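This report concerns only the one structure given below.
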Amino acid sequence: MLHGMPLLFGIGFIAPLIAQLVERVVPGAEQAQWPLLTGLAIGGSWGALAILRGRWL
Amino acid sequence: MSVVATAPDRDLDGLSTQELLRLERAIAEQFMGGLPWGSIIWAFTNLTVWLSLWPLTLSGGLPLWAAAPIATLNVILAYLPSHEAQHRIIAREGEPLFWLNELVGHLSLVPMGMAYGAARLTHYEHHKHANDPELDPDINTRSDSGWHMVVKDIGMQLQTAPKMNTAYANALERIGTEDARRAGAVALAYALAKNALLFGFAWAGYALEVAALIWLPHIVGGVYIRFFLSWAPHHPAADLGRYRDTRGFRSRLGNILTMGMQYHIIHHLYPRVPLMRHPAAFRALRPILVARGCRLDGI
């Protein structure tokens, strides 16, 4: 589980964080699904890459 | 507390090493004992402020731009009261107020999400092995300069398994007692609980709020704590030994903003002297520290 923690962090925290940032900045985004999907795509792939590289950046 | 002897009262040149040590101990002992009320009040005030940020922020009553710096300050202030408890300064095991010692030890660390047992045991290892490249769990803060330390620390925080966390886990493994195993398990549970809290609030629609109350403060506050509590008092962290592994230093930020760390050398020599008496103890012991060849950079 600890090995997979970056992926969990990407999906569990980064994804909703990105979604809620977008919803605050982009007018009308609050009603749409795409901010969350964008967050999941970025957070999930960022977390997966972090597992492979051992670093977030 | 009445100070009956200070080093300047004596001619140190004529004293043998043993006499100097006896005088040093006699002076230091005058600064020990009594309840460190300042640290106890500090612990509970800081925790109360941090806890009150939650309803205020989640309800929208406090804007995020105000909540984040306050929470960061809470994180920065969370460690030192627990540090007093780690050294049993409030009360020792078997004393009537030991429960208060442990309560302060555990609760003051809550804003940092740090486990008291692991903090205490690994901190003792730091005292035993200060600056030892293999055995000091805090050695990862060793850097060429202040800026180097900050860059290096941020680099470590970007690791998926930060080097400093690995050093603490290794220290607990080396200790190898049942206490250490339990402390490691509790520390892991704390880390998982912190993530569960982040994930839960984030998916409930409060991602920005928990970022302001936990995530950012842990990153920024962590750098500040490691800078002043670990890097600055041990820099350049090259020497070993009682009188050389820690230094006194003068910071442009002064004593409060460095959280008393200018006098951290007193803590490594006499861990049971309360933090708030370090400046006075330092002044009383300074001539002995000079005679011992301690590094006192501008103070």
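All residue names refer to the structure tokens as shown: chains lettered A, B, ... in order, residues numbered from 1 in each chain, ligands numbered from 1 in order.
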key: In stretch 48-293 of chain B, DSSP helix (DSSP H, G or I) residues written as a count of residues only   = 175
query = Once you count only C-alpha atoms, which residues of chain B turn out to be within 10 Å of chain A? Could you give them as a ChimeraX atom specification?
reply = /B:155-162,188,192,195-211,215
key: Non-local contacts of stretch 272-275 of chain B (8 Å; only C-alpha atoms; under 3 positions in same chain excluded) as a ChimeraX atom specification   = /B:28-29,31-33,36,84,87-89,260,266-267,278
message = Using only C-alpha atoms, which protein or nucleic acid residues come within 10 Å of B:Ala212? Drop anything in the same chain fewer than 2 positions from it, and give the result as number ranges by chain.
response = B: 57, 63-72, 206-210, 214-218
Hey, can you spit out that residue selection with N, CA, C and O atoms as a PDB file, in the first residue's frame?
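File produced: part_32.pdb:
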```pdb
ATOM      1  N   THR B  57     -12.762  28.003   8.908  1.00  0.00           N
ATOM      2  CA  THR B  57     -12.407  27.926   7.487  1.00  0.00           C
ATOM      3  C   THR B  57     -13.455  27.137   6.693  1.00  0.00           C
ATOM      4  O   THR B  57     -13.868  27.558   5.612  1.00  0.00           O
ATOM      5  N   PRO B  63     -11.210  33.517   5.431  1.00  0.00           N
ATOM      6  CA  PRO B  63     -10.711  33.254   4.075  1.00  0.00           C
ATOM      7  C   PRO B  63      -9.436  32.413   4.092  1.00  0.00           C
ATOM      8  O   PRO B  63      -8.673  32.443   5.067  1.00  0.00           O
ATOM      9  N   LEU B  64      -9.229  31.710   3.003  1.00  0.00           N
ATOM     10  CA  LEU B  64      -8.071  30.807   2.920  1.00  0.00           C
ATOM     11  C   LEU B  64      -6.756  31.560   3.022  1.00  0.00           C
ATOM     12  O   LEU B  64      -5.790  31.062   3.598  1.00  0.00           O
ATOM     13  N   TRP B  65      -6.714  32.789   2.474  1.00  0.00           N
ATOM     14  CA  TRP B  65      -5.453  33.547   2.507  1.00  0.00           C
ATOM     15  C   TRP B  65      -5.070  33.912   3.942  1.00  0.00           C
ATOM     16  O   TRP B  65      -3.898  34.148   4.232  1.00  0.00           O
ATOM     17  N   ALA B  66      -6.049  33.948   4.846  1.00  0.00           N
ATOM     18  CA  ALA B  66      -5.738  34.216   6.256  1.00  0.00           C
ATOM     19  C   ALA B  66      -5.484  32.909   7.006  1.00  0.00           C
ATOM     20  O   ALA B  66      -4.609  32.829   7.879  1.00  0.00           O
ATOM     21  N   ALA B  67      -6.247  31.867   6.654  1.00  0.00           N
ATOM     22  CA  ALA B  67      -6.129  30.586   7.378  1.00  0.00           C
ATOM     23  C   ALA B  67      -4.759  29.936   7.146  1.00  0.00           C
ATOM     24  O   ALA B  67      -4.158  29.405   8.099  1.00  0.00           O
ATOM     25  N   ALA B  68      -4.262  29.993   5.909  1.00  0.00           N
ATOM     26  CA  ALA B  68      -3.010  29.282   5.591  1.00  0.00           C
ATOM     27  C   ALA B  68      -1.813  29.791   6.410  1.00  0.00           C
ATOM     28  O   ALA B  68      -1.089  28.982   7.001  1.00  0.00           O
ATOM     29  N   PRO B  69      -1.593  31.125   6.489  1.00  0.00           N
ATOM     30  CA  PRO B  69      -0.437  31.559   7.311  1.00  0.00           C
ATOM     31  C   PRO B  69      -0.616  31.287   8.800  1.00  0.00           C
ATOM     32  O   PRO B  69       0.366  30.982   9.488  1.00  0.00           O
ATOM     33  N   ILE B  70      -1.855  31.364   9.288  1.00  0.00           N
ATOM     34  CA  ILE B  70      -2.067  31.071  10.722  1.00  0.00           C
ATOM     35  C   ILE B  70      -1.765  29.585  10.977  1.00  0.00           C
ATOM     36  O   ILE B  70      -1.089  29.231  11.947  1.00  0.00           O
ATOM     37  N   ALA B  71      -2.272  28.727  10.092  1.00  0.00           N
ATOM     38  CA  ALA B  71      -2.019  27.287  10.259  1.00  0.00           C
ATOM     39  C   ALA B  71      -0.525  26.970  10.145  1.00  0.00           C
ATOM     40  O   ALA B  71      -0.010  26.100  10.851  1.00  0.00           O
ATOM     41  N   THR B  72       0.160  27.698   9.274  1.00  0.00           N
ATOM     42  CA  THR B  72       1.613  27.492   9.136  1.00  0.00           C
ATOM     43  C   THR B  72       2.327  27.878  10.437  1.00  0.00           C
ATOM     44  O   THR B  72       3.220  27.166  10.913  1.00  0.00           O
ATOM     45  N   TYR B 206     -13.780  20.046   0.065  1.00  0.00           N
ATOM     46  CA  TYR B 206     -12.971  21.009   0.838  1.00  0.00           C
ATOM     47  C   TYR B 206     -11.472  20.841   0.555  1.00  0.00           C
ATOM     48  O   TYR B 206     -10.653  20.962   1.467  1.00  0.00           O
ATOM     49  N   ALA B 207     -11.112  20.579  -0.693  1.00  0.00           N
ATOM     50  CA  ALA B 207      -9.693  20.359  -1.019  1.00  0.00           C
ATOM     51  C   ALA B 207      -8.855  21.606  -0.747  1.00  0.00           C
ATOM     52  O   ALA B 207      -7.756  21.526  -0.179  1.00  0.00           O
ATOM     53  N   LEU B 208      -9.368  22.766  -1.141  1.00  0.00           N
ATOM     54  CA  LEU B 208      -8.596  24.004  -0.938  1.00  0.00           C
ATOM     55  C   LEU B 208      -8.444  24.304   0.552  1.00  0.00           C
ATOM     56  O   LEU B 208      -7.402  24.785   1.006  1.00  0.00           O
ATOM     57  N   GLU B 209      -9.502  23.974   1.307  1.00  0.00           N
ATOM     58  CA  GLU B 209      -9.460  24.237   2.758  1.00  0.00           C
ATOM     59  C   GLU B 209      -8.416  23.353   3.447  1.00  0.00           C
ATOM     60  O   GLU B 209      -7.634  23.842   4.267  1.00  0.00           O
ATOM     61  N   VAL B 210      -8.391  22.040   3.107  1.00  0.00           N
ATOM     62  CA  VAL B 210      -7.369  21.193   3.765  1.00  0.00           C
ATOM     63  C   VAL B 210      -5.968  21.479   3.228  1.00  0.00           C
ATOM     64  O   VAL B 210      -4.990  21.277   3.940  1.00  0.00           O
ATOM     65  N   ILE B 214      -3.578  22.015   6.241  1.00  0.00           N
ATOM     66  CA  ILE B 214      -2.627  20.928   6.512  1.00  0.00           C
ATOM     67  C   ILE B 214      -1.481  20.881   5.484  1.00  0.00           C
ATOM     68  O   ILE B 214      -0.311  20.947   5.856  1.00  0.00           O
ATOM     69  N   TRP B 215      -1.850  20.758   4.226  1.00  0.00           N
ATOM     70  CA  TRP B 215      -0.848  20.427   3.202  1.00  0.00           C
ATOM     71  C   TRP B 215       0.243  21.503   3.080  1.00  0.00           C
ATOM     72  O   TRP B 215       1.427  21.222   3.280  1.00  0.00           O
ATOM     73  N   LEU B 216      -0.155  22.728   2.777  1.00  0.00           N
ATOM     74  CA  LEU B 216       0.843  23.806   2.639  1.00  0.00           C
ATOM     75  C   LEU B 216       1.579  24.087   3.958  1.00  0.00           C
ATOM     76  O   LEU B 216       2.811  24.212   3.968  1.00  0.00           O
ATOM     77  N   PRO B 217       0.858  24.187   5.093  1.00  0.00           N
ATOM     78  CA  PRO B 217       1.570  24.441   6.356  1.00  0.00           C
ATOM     79  C   PRO B 217       2.600  23.375   6.697  1.00  0.00           C
ATOM     80  O   PRO B 217       3.659  23.696   7.242  1.00  0.00           O
ATOM     81  N   HIS B 218       2.322  22.118   6.351  1.00  0.00           N
ATOM     82  CA  HIS B 218       3.313  21.072   6.641  1.00  0.00           C
ATOM     83  C   HIS B 218       4.573  21.248   5.791  1.00  0.00           C
ATOM     84  O   HIS B 218       5.682  21.011   6.261  1.00  0.00           O
TER      85      HIS B 218
END
```
Computed interatomic separation between atom CA of B:Tyr79 and atom CA of B:Met112 (Å) =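 Spanning atom CA of B:Tyr79 to atom CA of B:Met112 is a straight-line distance of 7.6 Å.
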ask   = Just how far from atom CA of B:Ile76 is atom CA of B:Gly113, in Å to one decimal?
value =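 If I compute the distance from atom CA of B:Gly113 to atom CA of B:Ile76, I get 11.9 Å.
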ask   = In Å, with one decimal, what is the gap from atom CA of B:Asn255 to atom CA of B:Leu51?
value =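 Atom-to-atom, atom CA of B:Asn255 to atom CA of B:Leu51, that is 26.9 Å.
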message = Residues near stretch 123-130 of chain B, anyone? I mean within 7 Å using only C-alpha atoms, not counting same-chain ones fewer than 4 positions away, as a PyMOL selection string.
response = chain B and resi 119+135-138+240+245+268
request  = Rank nothing, just name the residue among B:Phe282, B:Gly61, B:Leu109, B:Val220 nearest to B:Phe44, using only C-alpha atoms.
outcome  = B:Leu109
